[in-house]
Amino acid sequence: MAKSKAVDELRDLLSDNKVRRALIETAGENAIAVIEALNKASQDEDIAKLLSLRVSDVRSVLNRLNEEGFTYYERTKDEETGWYSYFWTLDINKFKEWIKKKLLSKYERLRLMANEGEYYFCPHCGVDVVYSFEEAMDINFKCPKCNETLDLLEEEKVLKMMPKLDFSKLKRRFKKTKKRRKSK
Ligand SMILES: [Zn+2]
């Protein structure tokens, strides 16, 4: 029961584009497939077989995720050969923490940009690409991708754009930071 709930939860998290992008930025293009495979296998060789990837590629993803703190392994030694086997697990709670931190830092950065200067974004394509005033002027305030008119980046808009993965607590923390800054 508990396991299948975690699997559902993980599937929900991995279906979010912002999460997927953050994972790929962090651990490369195989990151999502490797995390999904951890439901079916726990050893790097098995995951590699499952995904038709090289073991070294799977290991490099697992090690990157381990550095981020949400996958961990147990090591067992084969007494005959002296070789070690690694059994990997994903900690879903740590993973959720990581997502919050990762996405918060991105939106925090955007919020600072909105307060410090004049930046523009495409309301259709989102805030992955943000243009300075000069850059926006060069393209006549039109999105090069979809031709939508660019919009001015403002703090309120950044707050509204924040992901909705049960981030209620996070938003509260976000607003507190804002008040504290103003009261200085
Ligand atoms: Zn656009």
# chains A, B, ... in the order shown; residues from 1 in each chain; ligands from 1

$ residues_around --residues "Asp91 of chain A" --least-positions-apart "2" --cutoff "12 Å" --atoms "only C-alpha atoms" --output "ChimeraX atom specification"
/A:3,6-7,9-10,35,38-39,65-66,68-73,88-89,93-98

$ residues_near_ligand --ligand "ligand 1" --cutoff "7 Å" --atoms "only C-alpha atoms and all ligand atoms" --output "PDB file with C-alpha atoms, in the first residue's frame"
ATOM      1  CA  CYS A 122       6.499  35.730 -22.936  1.00  0.00           C
ATOM      2  CA  PRO A 123       3.171  35.071 -21.136  1.00  0.00           C
ATOM      3  CA  HIS A 124       2.653  32.110 -23.442  1.00  0.00           C
ATOM      4  CA  CYS A 125       6.102  30.426 -23.307  1.00  0.00           C
ATOM      5  CA  CYS A 143       8.358  36.486 -28.519  1.00  0.00           C
ATOM      6  CA  PRO A 144      10.742  34.989 -31.116  1.00  0.00           C
ATOM      7  CA  LYS A 145       9.150  31.579 -30.568  1.00  0.00           C
ATOM      8  CA  CYS A 146       5.403  32.304 -30.754  1.00  0.00           C
ATOM      9  CA  ASN A 147       5.148  36.014 -31.667  1.00  0.00           C
ATOM     10  CA  GLU A 148       3.134  36.825 -28.536  1.00  0.00           C
TER      11      GLU A 148
END

$ atom_distance --atom1 "atom CA of Asn17 of chain A" --atom2 "atom CA of Lys5 of chain A"
20.9 Å

$ select_by_dssp --residues "segment 24-55 of chain A" --states "helix (DSSP H, G or I)" --output "PyMOL selection string"
chain A and resi 24-27+31-37+44-51+55

$ select_by_dssp --residues "segment 1-182 of chain A" --states "strand (DSSP E or B)" --output "PyMOL selection string"
chain A and resi 71-77+84-90+119-122+126-132+142+149+151-152

$ write_last_selection --atoms "N, CA and C atoms" --output "short mmCIF file (atom, residue, chain, number, x, y, z; two decimals), in the first residue's frame"
data_model
loop_
_atom_site.label_atom_id
_atom_site.label_comp_id
_atom_site.auth_asym_id
_atom_site.auth_seq_id
_atom_site.Cartn_x
_atom_site.Cartn_y
_atom_site.Cartn_z
N THR A 71 18.78 10.27 -3.47
CA THR A 71 18.92 8.82 -3.65
C THR A 71 20.06 8.38 -2.73
N TYR A 72 19.95 7.16 -2.26
CA TYR A 72 21.05 6.63 -1.45
C TYR A 72 21.19 5.14 -1.73
N TYR A 73 22.31 4.57 -1.30
CA TYR A 73 22.53 3.15 -1.60
C TYR A 73 22.94 2.38 -0.36
N GLU A 74 22.70 1.07 -0.44
CA GLU A 74 23.27 0.16 0.54
C GLU A 74 24.26 -0.71 -0.22
N ARG A 75 25.40 -0.94 0.41
CA ARG A 75 26.45 -1.68 -0.27
C ARG A 75 26.59 -3.05 0.39
N THR A 76 26.62 -4.09 -0.41
CA THR A 76 26.90 -5.41 0.18
C THR A 76 28.10 -6.03 -0.54
N LYS A 77 28.89 -6.77 0.24
CA LYS A 77 30.10 -7.35 -0.34
C LYS A 77 29.89 -8.84 -0.59
N TYR A 84 31.64 -5.50 -4.66
CA TYR A 84 30.52 -4.84 -3.97
C TYR A 84 29.31 -4.72 -4.89
N SER A 85 28.12 -4.90 -4.32
CA SER A 85 26.90 -4.60 -5.05
C SER A 85 26.23 -3.40 -4.39
N TYR A 86 25.67 -2.54 -5.20
CA TYR A 86 25.01 -1.34 -4.69
C TYR A 86 23.51 -1.44 -4.93
N PHE A 87 22.74 -1.24 -3.88
CA PHE A 87 21.28 -1.27 -4.01
C PHE A 87 20.75 0.14 -3.77
N TRP A 88 20.20 0.70 -4.80
CA TRP A 88 19.80 2.11 -4.76
C TRP A 88 18.33 2.29 -4.40
N THR A 89 18.05 3.35 -3.68
CA THR A 89 16.68 3.71 -3.32
C THR A 89 16.50 5.21 -3.48
N LEU A 90 15.28 5.60 -3.82
CA LEU A 90 14.96 7.02 -3.87
C LEU A 90 14.15 7.37 -2.61
N TYR A 119 12.57 43.72 -16.87
CA TYR A 119 12.74 42.50 -17.65
C TYR A 119 11.41 42.09 -18.26
N TYR A 120 11.50 41.37 -19.35
CA TYR A 120 10.29 40.96 -20.06
C TYR A 120 10.28 39.45 -20.27
N PHE A 121 9.07 38.90 -20.36
CA PHE A 121 8.94 37.47 -20.62
C PHE A 121 7.73 37.25 -21.51
N CYS A 122 7.65 36.05 -22.09
CA CYS A 122 6.50 35.73 -22.94
C CYS A 122 5.43 35.07 -22.07
N GLY A 126 6.38 31.32 -21.04
CA GLY A 126 6.82 31.23 -19.65
C GLY A 126 8.15 31.91 -19.37
N VAL A 127 8.64 31.73 -18.15
CA VAL A 127 9.77 32.51 -17.66
C VAL A 127 11.13 31.81 -17.77
N ASP A 128 11.19 30.74 -18.56
CA ASP A 128 12.50 30.11 -18.73
C ASP A 128 13.45 31.04 -19.48
N VAL A 129 12.86 31.85 -20.36
CA VAL A 129 13.66 32.87 -21.04
C VAL A 129 13.13 34.23 -20.61
N VAL A 130 14.05 35.07 -20.12
CA VAL A 130 13.67 36.42 -19.69
C VAL A 130 14.57 37.40 -20.46
N TYR A 131 13.97 38.46 -20.95
CA TYR A 131 14.70 39.42 -21.78
C TYR A 131 14.93 40.72 -21.02
N SER A 132 16.13 41.27 -21.19
CA SER A 132 16.38 42.61 -20.66
C SER A 132 15.62 43.60 -21.53
N LYS A 142 8.25 41.20 -29.10
CA LYS A 142 7.51 40.03 -29.57
C LYS A 142 8.33 38.78 -29.27
N THR A 149 3.05 39.12 -27.68
CA THR A 149 3.64 40.34 -27.14
C THR A 149 4.24 40.06 -25.76
N ASP A 151 5.60 40.53 -21.96
CA ASP A 151 4.97 41.15 -20.80
C ASP A 151 6.07 41.57 -19.81
N LEU A 152 5.83 42.62 -19.08
CA LEU A 152 6.80 43.07 -18.08
C LEU A 152 6.81 42.10 -16.89
#

$ atom_distance --atom1 "atom CA of Arg20 of chain A" --atom2 "atom CA of Glu67 of chain A"
17.7 Å

$ closest_atom_pairs --of "segment 23-141 of chain A" --to "segment 12-15 of chain A" --cutoff "9 Å" --atoms "only C-alpha atoms" --output "tab-separated table"
residue	atom	partner	partner_atom	distance
A:Ile32	CA	A:Leu14	CA	7.4
A:Glu36	CA	A:Leu14	CA	8.5
A:Lys96	CA	A:Leu13	CA	8.3
A:Ile99	CA	A:Leu13	CA	9.0

$ write_last_selection --atoms "C-alpha atoms" --output "compact mmCIF listing (two decimals), in the first residue's frame"
# COMPACT_ATOMS: atom_id res chain seq x y z
CA ILE A 32 13.93 10.89 -15.36
CA GLU A 36 11.34 5.83 -12.89
CA LYS A 96 10.10 16.67 -2.57
CA ILE A 99 12.12 20.13 -5.70

$ closest_residue --among "A:Ser52, A:Lys40, A:Arg64, A:Asp78" --to "Glu25 of chain A" --atoms "only C-alpha atoms"
A:Arg64

$ atom_distance --atom1 "atom CA of Arg111 of chain A" --atom2 "atom CA of Glu155 of chain A"
5.3 Å

$ residues_around --residues "Ala27 of chain A" --least-positions-apart "2" --cutoff "8 Å" --atoms "only C-alpha atoms" --output "count of residues only"
10

$ residues_around --residues "Leu53 of chain A" --least-positions-apart "4" --cutoff "12 Å" --atoms "only C-alpha atoms" --output "PyMOL selection string"
chain A and resi 29-31+33-34+37+44-49+57-61
